[in-house]
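Asker: Have a look at this one.
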Amino acid sequence: MKLWGGRFDKAIDGAAHGFNASLPFDRRMADEDVSGSVAWARGLGRCGVLAEDEVSVLVDGMEQVRAELAEGRFAFLEGDEDIHTAVERRLGDIVGPVAGKLHTGRSRNDQVATDFRLWVMRACGRMDAAVADLQTALADSAEAHLHAPMPGYTHWQPAQAVTWGHWAMWHAWALERDRRRIATARTAASALPLGSAALAGSGFAVDRAWLAAELGFERVIANSMDAVSDRDFAVELLFAAAMTGMHLSRLSEQLILFANPSLGFVELDDAYSTGSSLMPQKKNPDMLELARGKAGRLVGNLVGLMTTLKGLPSTYDKDMQEDKEPVFDAVDTLAAALPVLTGLVETLRVREDRLIAALDPAMFATDVADRLVRAGVPFREAHGIVGRVVRAAEEQGVGIDALDAEALRAVDARLPAATEGAFDWAASLASRAAEGGTAPEALRAQLAAMREAIGSRQVGSYSSTGWAESP
Ligand code: ARG
């Protein structure tokens, strides 16, 4: 029995019903659907559309439905089209004909938008907490090896000495921006569509500000047509998820390179590695490769939904039913990837000996140039002088720290003094003490700022496990 059966004299085709149905995925919004209906029944009571005893019957019935859903006792039927239909049908089984009054002045269009926003708001809280956990793991790793020198790269070529602490916090800062984007998506979702009905507004004067407060929304959507059509919040969540995925992918790619035995900067814990079915010696970074790979589907979810939405002619169009699966998939993907990466970083063995061994004298070429500058040479000229030192060292087949004073003087008379002590990594690191630099004192300030950022939850106070939180 369809909610909309009145004008039809024939049942829907079986395949068409399956194609039309969203229950297989939107049942995840069951709890939100019940909350929305409970608030709506109370709202109808408050404006005198429903009698107080009717409100009580509906609310008690809805709470029974909620319990059945939560305990897995709810029997979905073949004919249930979506979660809204299923919940209302079951309410009718429990409370009888008065159930038919619940949908007064409401449409599934404002109902689904309300449910979905509540779901997204909860998901943002959980995502924020899971990203913060990975930030913490990175900050802990940074702190444990704060001053351990390592090669820094540009163009994947050895560039300058940095520290592991600097490297690890780099990635934690990227995640900090992701948390801000997640918070922004939550704010976008936190606006009430309920009371907009199908598109023109509800025919009953329900107090929407009261409804918003009751359901935990920050504000009411001002225009009923906008209310049923707006899916920006879903796109914003997908964008935040795609960006997070991109950051996880870049972090993963770097760790994959670092874990390669030819660099050997890190060793992955056995618990976060896999082996080869053929080659007994292999230790594969599958978790990192998967995290890198998942970025593709996260970006795909974003592009997919934006493409679905871009040409819609109406307010609500059924195309919009395609909004939920990409969002659920994005949230599930991050909910699976983030704790694994957190555990991987927590157990990562950082090989300080290998990091130091990888420092090449050429990485201190800029330090020589900086010393010439301190001796009064204009930087462009200093750059040219050191470039010739590099070439001379290449010609002799030695490192730039191995040229003797005579060879250095042949390039520039000021070089023997400028190269004195320039290849010392500790001095090089210490010289980069401007805010944001890799010097120990700058790093300590950075770490303190990172800890503070992590401590301030961007979205409410959620834990990264479980969905028990209220929106
Ligand atoms: N299952 C639908 C969706 O997810 C609910 C809204 C249906 N509204 C309608 N007018 N058919 O979008």
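Chains: A, B, ... in order of the structure tokens. Residues: from 1 per chain. Ligands: from 1, in order shown.
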Identify, counting only C-alpha atoms and all ligand atoms, the protein, DNA and RNA residues located within 7 Å of ligand 1, and give them as number ranges by chain.
Answerer: A: 21-22, 82, 108-109, 112, 316, 318, 320-321
Asker: How would the residues just chosen look if you wrote them out with N, CA and C atoms as a PDB file, in the first residue's frame?
Answerer:
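Result went into out-v8.pdb, see below:
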ATOM      1  N   ALA A  21      12.768   2.665  -4.991  1.00  0.00           N
ATOM      2  CA  ALA A  21      12.909   2.567  -3.531  1.00  0.00           C
ATOM      3  C   ALA A  21      14.273   3.067  -3.060  1.00  0.00           C
ATOM      4  N   SER A  22      14.260   3.727  -1.937  1.00  0.00           N
ATOM      5  CA  SER A  22      15.527   4.167  -1.327  1.00  0.00           C
ATOM      6  C   SER A  22      15.743   3.506   0.032  1.00  0.00           C
ATOM      7  N   ASP A  82      10.518   3.899   1.231  1.00  0.00           N
ATOM      8  CA  ASP A  82      11.671   4.556   1.848  1.00  0.00           C
ATOM      9  C   ASP A  82      11.473   4.552   3.360  1.00  0.00           C
ATOM     10  N   ARG A 108       7.160  14.541   2.219  1.00  0.00           N
ATOM     11  CA  ARG A 108       8.427  13.840   2.332  1.00  0.00           C
ATOM     12  C   ARG A 108       9.586  14.729   1.871  1.00  0.00           C
ATOM     13  N   ASN A 109       9.247  15.796   1.144  1.00  0.00           N
ATOM     14  CA  ASN A 109      10.325  16.674   0.662  1.00  0.00           C
ATOM     15  C   ASN A 109      10.990  17.440   1.807  1.00  0.00           C
ATOM     16  N   VAL A 112      12.549  14.526   4.260  1.00  0.00           N
ATOM     17  CA  VAL A 112      13.833  13.898   3.915  1.00  0.00           C
ATOM     18  C   VAL A 112      14.977  14.889   4.097  1.00  0.00           C
ATOM     19  N   TYR A 316      12.086  20.107  -5.373  1.00  0.00           N
ATOM     20  CA  TYR A 316      12.508  18.714  -5.195  1.00  0.00           C
ATOM     21  C   TYR A 316      12.337  18.007  -6.532  1.00  0.00           C
ATOM     22  N   LYS A 318      13.249  13.941  -8.084  1.00  0.00           N
ATOM     23  CA  LYS A 318      13.617  12.620  -7.546  1.00  0.00           C
ATOM     24  C   LYS A 318      15.101  12.322  -7.720  1.00  0.00           C
ATOM     25  N   MET A 320      17.249  13.839  -6.616  1.00  0.00           N
ATOM     26  CA  MET A 320      17.910  14.180  -5.352  1.00  0.00           C
ATOM     27  C   MET A 320      17.995  12.998  -4.397  1.00  0.00           C
ATOM     28  N   GLN A 321      17.244  11.944  -4.674  1.00  0.00           N
ATOM     29  CA  GLN A 321      17.385  10.727  -3.880  1.00  0.00           C
ATOM     30  C   GLN A 321      18.811  10.171  -4.021  1.00  0.00           C
TER      31      GLN A 321
END
Asker: When DSSP is applied to the backbone of this structure, which of range 239-361 of chain A are assigned strand (DSSP E or B)? Write them out as a list in words.
Answerer: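 For range 239-361 of chain A, the strand (DSSP E or B) set is Val266, Glu267, Thr274, Asn284, Arg349 and Val350 of chain A.
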Asker: So that I can see what lies close to Phe74 in chain A, please list as an mmCIF file with N, CA, C and O atoms, in the first residue's frame the residues with an atom at most 12 Å from it, counting only C-alpha atoms and leaving out residues fewer than 5 positions away in the same chain.
Answerer:
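Output below, filename result24.cif:
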data_model
loop_
_atom_site.group_PDB
_atom_site.id
_atom_site.type_symbol
_atom_site.label_atom_id
_atom_site.label_comp_id
_atom_site.auth_asym_id
_atom_site.auth_seq_id
_atom_site.Cartn_x
_atom_site.Cartn_y
_atom_site.Cartn_z
ATOM 1 N N ARG A 27 17.403 3.746 5.245
ATOM 2 C CA ARG A 27 17.053 3.242 6.582
ATOM 3 C C ARG A 27 18.111 3.653 7.606
ATOM 4 O O ARG A 27 17.868 3.585 8.806
ATOM 5 N N ALA A 30 16.897 6.251 10.047
ATOM 6 C CA ALA A 30 15.680 5.892 10.777
ATOM 7 C C ALA A 30 15.526 6.709 12.059
ATOM 8 O O ALA A 30 14.457 7.258 12.344
ATOM 9 N N GLN A 64 7.939 3.869 20.301
ATOM 10 C CA GLN A 64 7.945 2.404 20.166
ATOM 11 C C GLN A 64 8.621 2.007 18.847
ATOM 12 O O GLN A 64 9.416 1.064 18.802
ATOM 13 N N VAL A 65 8.327 2.754 17.798
ATOM 14 C CA VAL A 65 8.967 2.494 16.497
ATOM 15 C C VAL A 65 10.481 2.675 16.631
ATOM 16 O O VAL A 65 11.269 1.857 16.147
ATOM 17 N N ARG A 66 10.875 3.740 17.321
ATOM 18 C CA ARG A 66 12.311 4.009 17.493
ATOM 19 C C ARG A 66 13.004 2.824 18.196
ATOM 20 O O ARG A 66 14.074 2.390 17.782
ATOM 21 N N ALA A 67 12.341 2.333 19.250
ATOM 22 C CA ALA A 67 12.934 1.218 19.994
ATOM 23 C C ALA A 67 13.031 -0.023 19.104
ATOM 24 O O ALA A 67 14.053 -0.712 19.092
ATOM 25 N N GLU A 68 11.991 -0.291 18.327
ATOM 26 C CA GLU A 68 12.030 -1.460 17.428
ATOM 27 C C GLU A 68 13.182 -1.326 16.440
ATOM 28 O O GLU A 68 13.894 -2.293 16.153
ATOM 29 N N LEU A 69 13.354 -0.121 15.918
ATOM 30 C CA LEU A 69 14.443 0.107 14.949
ATOM 31 C C LEU A 69 15.803 -0.077 15.615
ATOM 32 O O LEU A 69 16.679 -0.757 15.083
ATOM 33 N N ILE A 83 12.408 5.098 4.086
ATOM 34 C CA ILE A 83 12.334 5.030 5.547
ATOM 35 C C ILE A 83 11.115 5.797 6.079
ATOM 36 O O ILE A 83 10.482 5.373 7.046
ATOM 37 N N ALA A 86 8.100 3.587 5.617
ATOM 38 C CA ALA A 86 8.137 2.430 6.512
ATOM 39 C C ALA A 86 7.767 2.836 7.934
ATOM 40 O O ALA A 86 6.980 2.159 8.610
ATOM 41 N N VAL A 87 8.321 3.950 8.387
ATOM 42 C CA VAL A 87 8.071 4.392 9.760
ATOM 43 C C VAL A 87 6.590 4.767 9.933
ATOM 44 O O VAL A 87 5.943 4.385 10.919
ATOM 45 N N ARG A 89 4.058 3.701 8.159
ATOM 46 C CA ARG A 89 3.258 2.476 8.068
ATOM 47 C C ARG A 89 3.239 1.748 9.411
ATOM 48 O O ARG A 89 2.208 1.342 9.926
ATOM 49 N N ARG A 90 4.405 1.625 10.009
ATOM 50 C CA ARG A 90 4.504 0.905 11.287
ATOM 51 C C ARG A 90 3.777 1.659 12.398
ATOM 52 O O ARG A 90 3.125 1.056 13.257
ATOM 53 N N LEU A 91 3.853 2.988 12.342
ATOM 54 C CA LEU A 91 3.114 3.796 13.323
ATOM 55 C C LEU A 91 1.616 3.483 13.234
ATOM 56 O O LEU A 91 0.935 3.354 14.263
ATOM 57 N N ASP A 93 0.301 0.654 12.259
ATOM 58 C CA ASP A 93 0.064 -0.667 12.870
ATOM 59 C C ASP A 93 -0.105 -0.506 14.377
ATOM 60 O O ASP A 93 -0.917 -1.172 14.999
ATOM 61 N N ILE A 94 0.693 0.374 14.969
ATOM 62 C CA ILE A 94 0.741 0.474 16.429
ATOM 63 C C ILE A 94 -0.406 1.323 16.985
ATOM 64 O O ILE A 94 -1.069 0.927 17.929
#
Asker: Tell me, as a ChimeraX atom specification, which residues lie within 9 Å of Leu211 in chain A, counting only C-alpha atoms; anything in the same chain fewer than 2 positions away does not count.
Answerer: /A:36,39-40,42-43,192,194-195,206-209,213-217,220
Asker: Please dump the current selection as a PDB file, in the first residue's frame; keep C-alpha atoms.
Answerer:
ATOM      1  CA  GLY A  36      11.679  14.621  13.043  1.00  0.00           C
ATOM      2  CA  ALA A  39       8.967  17.052  16.842  1.00  0.00           C
ATOM      3  CA  TRP A  40       6.442  17.523  14.038  1.00  0.00           C
ATOM      4  CA  ARG A  42       4.442  18.123  19.016  1.00  0.00           C
ATOM      5  CA  GLY A  43       4.566  21.127  16.726  1.00  0.00           C
ATOM      6  CA  LEU A 192      15.643  23.557   9.461  1.00  0.00           C
ATOM      7  CA  LEU A 194      10.679  21.110   8.245  1.00  0.00           C
ATOM      8  CA  GLY A 195       7.537  23.177   7.926  1.00  0.00           C
ATOM      9  CA  VAL A 206       3.624  25.347  13.038  1.00  0.00           C
ATOM     10  CA  ASP A 207       6.204  27.353  14.987  1.00  0.00           C
ATOM     11  CA  ARG A 208       9.326  26.603  12.967  1.00  0.00           C
ATOM     12  CA  ALA A 209      11.700  28.378  15.336  1.00  0.00           C
ATOM     13  CA  ALA A 213      15.377  24.430  18.644  1.00  0.00           C
ATOM     14  CA  GLU A 214      13.651  21.138  19.443  1.00  0.00           C
ATOM     15  CA  LEU A 215      15.678  19.270  16.790  1.00  0.00           C
ATOM     16  CA  GLY A 216      18.981  21.028  17.461  1.00  0.00           C
ATOM     17  CA  PHE A 217      19.137  23.205  14.335  1.00  0.00           C
ATOM     18  CA  VAL A 220      15.260  28.065  10.151  1.00  0.00           C
TER      19      VAL A 220
END
Asker: Considering only C-alpha atoms, return as a ChimeraX atom specification whatever protein or nucleic-acid residues lie within 12 Å of Asp323 in chain A, sequence-local ones (same chain, fewer than 2 positions apart) excluded.
Answerer: /A:22,25-26,112-113,116-117,120,229-235,237-238,301-309,316-321,325-330
Asker: Counting only C-alpha atoms, which of A:Ser252, A:Thr347, A:Thr114, A:Gln160 gets nearest to Ala189 in chain A?
Answerer: A:Thr114
Asker: Under the rule that only C-alpha atoms are counted, which of A:Asp226, A:Glu381, A:Asp133, A:Asp370 is the nearest residue to Asp412 in chain A?
Answerer: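 Between A:Asp226, A:Glu381, A:Asp133, A:Asp370, the residue approaching Asp412 in chain A most closely is A:Glu381.
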Asker: Would you list, as a compact mmCIF listing (two decimals) with C-alpha atoms, in the first residue's frame, the residues of range 149-392 of chain A that end up in alpha helix (DSSP H) under DSSP run on this structure's backbone?
Answerer:
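What follows is the written file states_19.txt:
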# COMPACT_ATOMS: atom_id res chain seq x y z
CA TRP A 164 60.73 14.70 11.66
CA GLY A 165 58.77 16.93 14.04
CA HIS A 166 58.38 19.53 11.33
CA TRP A 167 57.38 16.90 8.77
CA ALA A 168 54.79 15.24 11.01
CA MET A 169 53.20 18.51 12.08
CA TRP A 170 52.93 19.61 8.45
CA HIS A 171 50.38 16.83 7.95
CA ALA A 172 48.63 17.57 11.23
CA TRP A 173 48.08 21.17 10.07
CA ALA A 174 46.49 19.99 6.84
CA LEU A 175 44.10 17.91 8.93
CA GLU A 176 43.34 20.98 11.05
CA ARG A 177 42.01 22.70 7.93
CA ASP A 178 39.93 19.60 7.19
CA ARG A 179 38.34 19.88 10.61
CA ARG A 180 37.41 23.47 9.88
CA ARG A 181 35.80 22.41 6.61
CA ILE A 182 33.90 19.65 8.42
CA ALA A 183 32.67 22.24 10.92
CA THR A 184 31.60 24.48 8.03
CA ALA A 185 29.63 21.61 6.48
CA ARG A 186 27.93 21.03 9.81
CA THR A 187 26.96 24.69 10.02
CA ALA A 188 25.56 24.47 6.49
CA ALA A 189 23.47 21.46 7.51
CA ARG A 208 9.33 26.60 12.97
CA ALA A 209 11.70 28.38 15.34
CA TRP A 210 10.46 26.08 18.08
CA LEU A 211 10.90 23.07 15.78
CA ALA A 212 14.46 24.13 14.98
CA ALA A 213 15.38 24.43 18.64
CA GLU A 214 13.65 21.14 19.44
CA LEU A 215 15.68 19.27 16.79
CA SER A 224 10.35 26.89 1.55
CA MET A 225 11.42 26.30 -2.07
CA ASP A 226 15.06 26.67 -1.07
CA ALA A 227 14.42 24.43 1.94
CA VAL A 228 13.38 21.40 -0.10
CA SER A 229 15.93 21.92 -2.88
CA ASP A 232 24.69 22.42 -0.44
CA PHE A 233 25.35 20.92 2.98
CA ALA A 234 25.76 17.47 1.41
CA VAL A 235 28.12 18.84 -1.22
CA GLU A 236 30.07 20.70 1.46
CA LEU A 237 30.42 17.53 3.50
CA LEU A 238 31.61 15.69 0.38
CA PHE A 239 34.10 18.46 -0.33
CA ALA A 240 35.42 18.29 3.23
CA ALA A 241 35.64 14.51 2.89
CA ALA A 242 37.38 14.72 -0.49
CA MET A 243 39.93 17.19 0.86
CA THR A 244 40.52 14.99 3.88
CA GLY A 245 40.96 12.06 1.53
CA MET A 246 43.43 14.04 -0.55
CA HIS A 247 45.45 14.83 2.56
CA LEU A 248 45.39 11.22 3.72
CA SER A 249 46.54 10.22 0.26
CA ARG A 250 49.51 12.60 0.29
CA LEU A 251 50.51 11.52 3.78
CA SER A 252 50.19 7.88 2.74
CA GLU A 253 52.22 8.33 -0.42
CA GLN A 254 55.05 9.90 1.54
CA LEU A 255 55.03 7.14 4.13
CA ILE A 256 55.03 4.53 1.35
CA LEU A 257 58.19 6.11 -0.04
CA PHE A 258 59.74 6.45 3.42
CA ALA A 259 58.99 2.77 4.17
CA ASP A 286 48.58 -2.00 1.85
CA MET A 287 46.87 0.26 4.40
CA LEU A 288 48.65 3.29 3.03
CA GLU A 289 47.99 2.29 -0.56
CA LEU A 290 44.31 1.84 0.19
CA ALA A 291 44.14 5.19 1.96
CA ARG A 292 45.74 6.72 -1.14
CA GLY A 293 43.32 4.86 -3.39
CA LYS A 294 40.22 5.86 -1.41
CA ALA A 295 40.86 9.51 -2.26
CA GLY A 296 39.64 8.69 -5.76
CA ARG A 297 36.23 7.55 -4.62
CA LEU A 298 35.90 10.48 -2.22
CA VAL A 299 36.51 12.93 -5.06
CA GLY A 300 34.15 10.85 -7.22
CA ASN A 301 31.38 11.17 -4.64
CA LEU A 302 31.75 14.95 -4.69
CA VAL A 303 31.77 15.22 -8.47
CA GLY A 304 28.90 12.75 -8.76
CA LEU A 305 26.53 14.66 -6.50
CA MET A 306 27.37 18.05 -7.98
CA THR A 307 26.68 16.63 -11.43
CA THR A 308 23.37 15.18 -10.26
CA LEU A 309 22.27 18.51 -8.82
CA LYS A 324 22.49 9.99 0.21
CA GLU A 325 24.64 7.14 -1.02
CA PRO A 326 27.69 9.25 -1.87
CA VAL A 327 27.47 10.96 1.53
CA PHE A 328 27.09 7.67 3.40
CA ASP A 329 29.95 6.22 1.37
CA ALA A 330 32.22 9.19 2.05
CA VAL A 331 31.54 9.07 5.79
CA ASP A 332 31.97 5.28 5.88
CA THR A 333 35.18 5.50 3.87
CA LEU A 334 36.74 7.98 6.27
CA ALA A 335 35.35 6.14 9.30
CA ALA A 336 37.24 3.07 8.06
CA ALA A 337 40.44 4.77 6.92
CA LEU A 338 41.09 7.27 9.70
CA PRO A 339 41.38 4.87 12.67
CA VAL A 340 43.67 2.59 10.64
CA LEU A 341 45.96 5.46 9.73
CA THR A 342 45.89 6.65 13.33
CA GLY A 343 47.00 3.21 14.54
CA LEU A 344 49.62 3.03 11.81
CA VAL A 345 51.12 6.38 12.80
CA GLU A 346 50.95 5.52 16.51
CA GLU A 352 66.45 8.46 13.21
CA ASP A 353 69.72 6.76 12.15
CA ARG A 354 68.43 6.35 8.60
CA LEU A 355 67.12 9.90 8.51
CA ILE A 356 70.52 11.31 9.46
CA ALA A 357 72.33 8.96 7.06
CA ALA A 365 74.17 24.60 -0.28
CA THR A 366 71.60 27.20 0.74
CA ASP A 367 73.30 27.49 4.13
CA VAL A 368 76.58 28.39 2.38
CA ALA A 369 74.75 31.00 0.32
CA ASP A 370 73.12 32.38 3.51
CA ARG A 371 76.60 32.67 5.09
CA LEU A 372 77.90 34.60 2.10
CA VAL A 373 74.88 36.89 2.46
CA ARG A 374 75.70 37.44 6.13
CA PHE A 379 71.82 36.86 -2.39
CA ARG A 380 71.64 36.50 -6.21
CA GLU A 381 75.43 36.67 -6.39
CA ALA A 382 75.79 34.21 -3.50
CA HIS A 383 73.42 31.81 -5.27
CA GLY A 384 75.63 31.93 -8.38
CA ILE A 385 78.83 31.37 -6.38
CA VAL A 386 77.41 28.30 -4.61
CA GLY A 387 76.09 26.99 -7.91
CA ARG A 388 79.65 27.02 -9.21
CA VAL A 389 80.78 25.20 -6.06
CA VAL A 390 78.22 22.48 -6.80
CA ARG A 391 79.51 22.19 -10.36
CA ALA A 392 83.13 22.06 -9.24
Asker: Go ahead and compute the interatomic distance for CA of Glu218 in chain A and CA of Ser190 in chain A, in Å to one decimal.
Answerer: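 A separation of 5.4 Å between them.
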Asker: For a quick check of understanding, using only C-alpha atoms, which of A:Ala417, A:Ala426, A:Val98, A:Val350 has the smallest distance to Glu267 in chain A?
Answerer: A:Val350
Asker: Mind giving me the straight-line distance from CA of Gly105 in chain A to CA of Phe204 in chain A in Å, one decimal?
Answerer: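 Between these atoms lies a distance of 5.7 Å.
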Asker: What gap, in Å, lies between CA of Ser202 in chain A and CA of Arg106 in chain A?
Answerer: 6.4 Å
Asker: Give the answer as one residue: which of A:Lys310, A:His155, A:His147, A:Lys283 has the shortest atom-to-atom distance to Leu429 in chain A, using only C-alpha atoms?
Answerer: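 Closest to Leu429 in chain A of all the choices is A:His147.
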Asker: What's the 12 Å shell around Asp53 in chain A, counting only C-alpha atoms, without same-chain residues fewer than 5 positions away, as a list in words?
Answerer: Ala41, Arg42, Gly45, Gly48, Leu58, Val59, Asp60 and Val98 of chain A
Asker: Between A:Trp119, A:Trp425, A:Phe76, A:Phe364, which one has atoms that come closest to Thr163 in chain A, using only C-alpha atoms?
Answerer: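 Smallest distance to Thr163 in chain A is found for A:Trp425.
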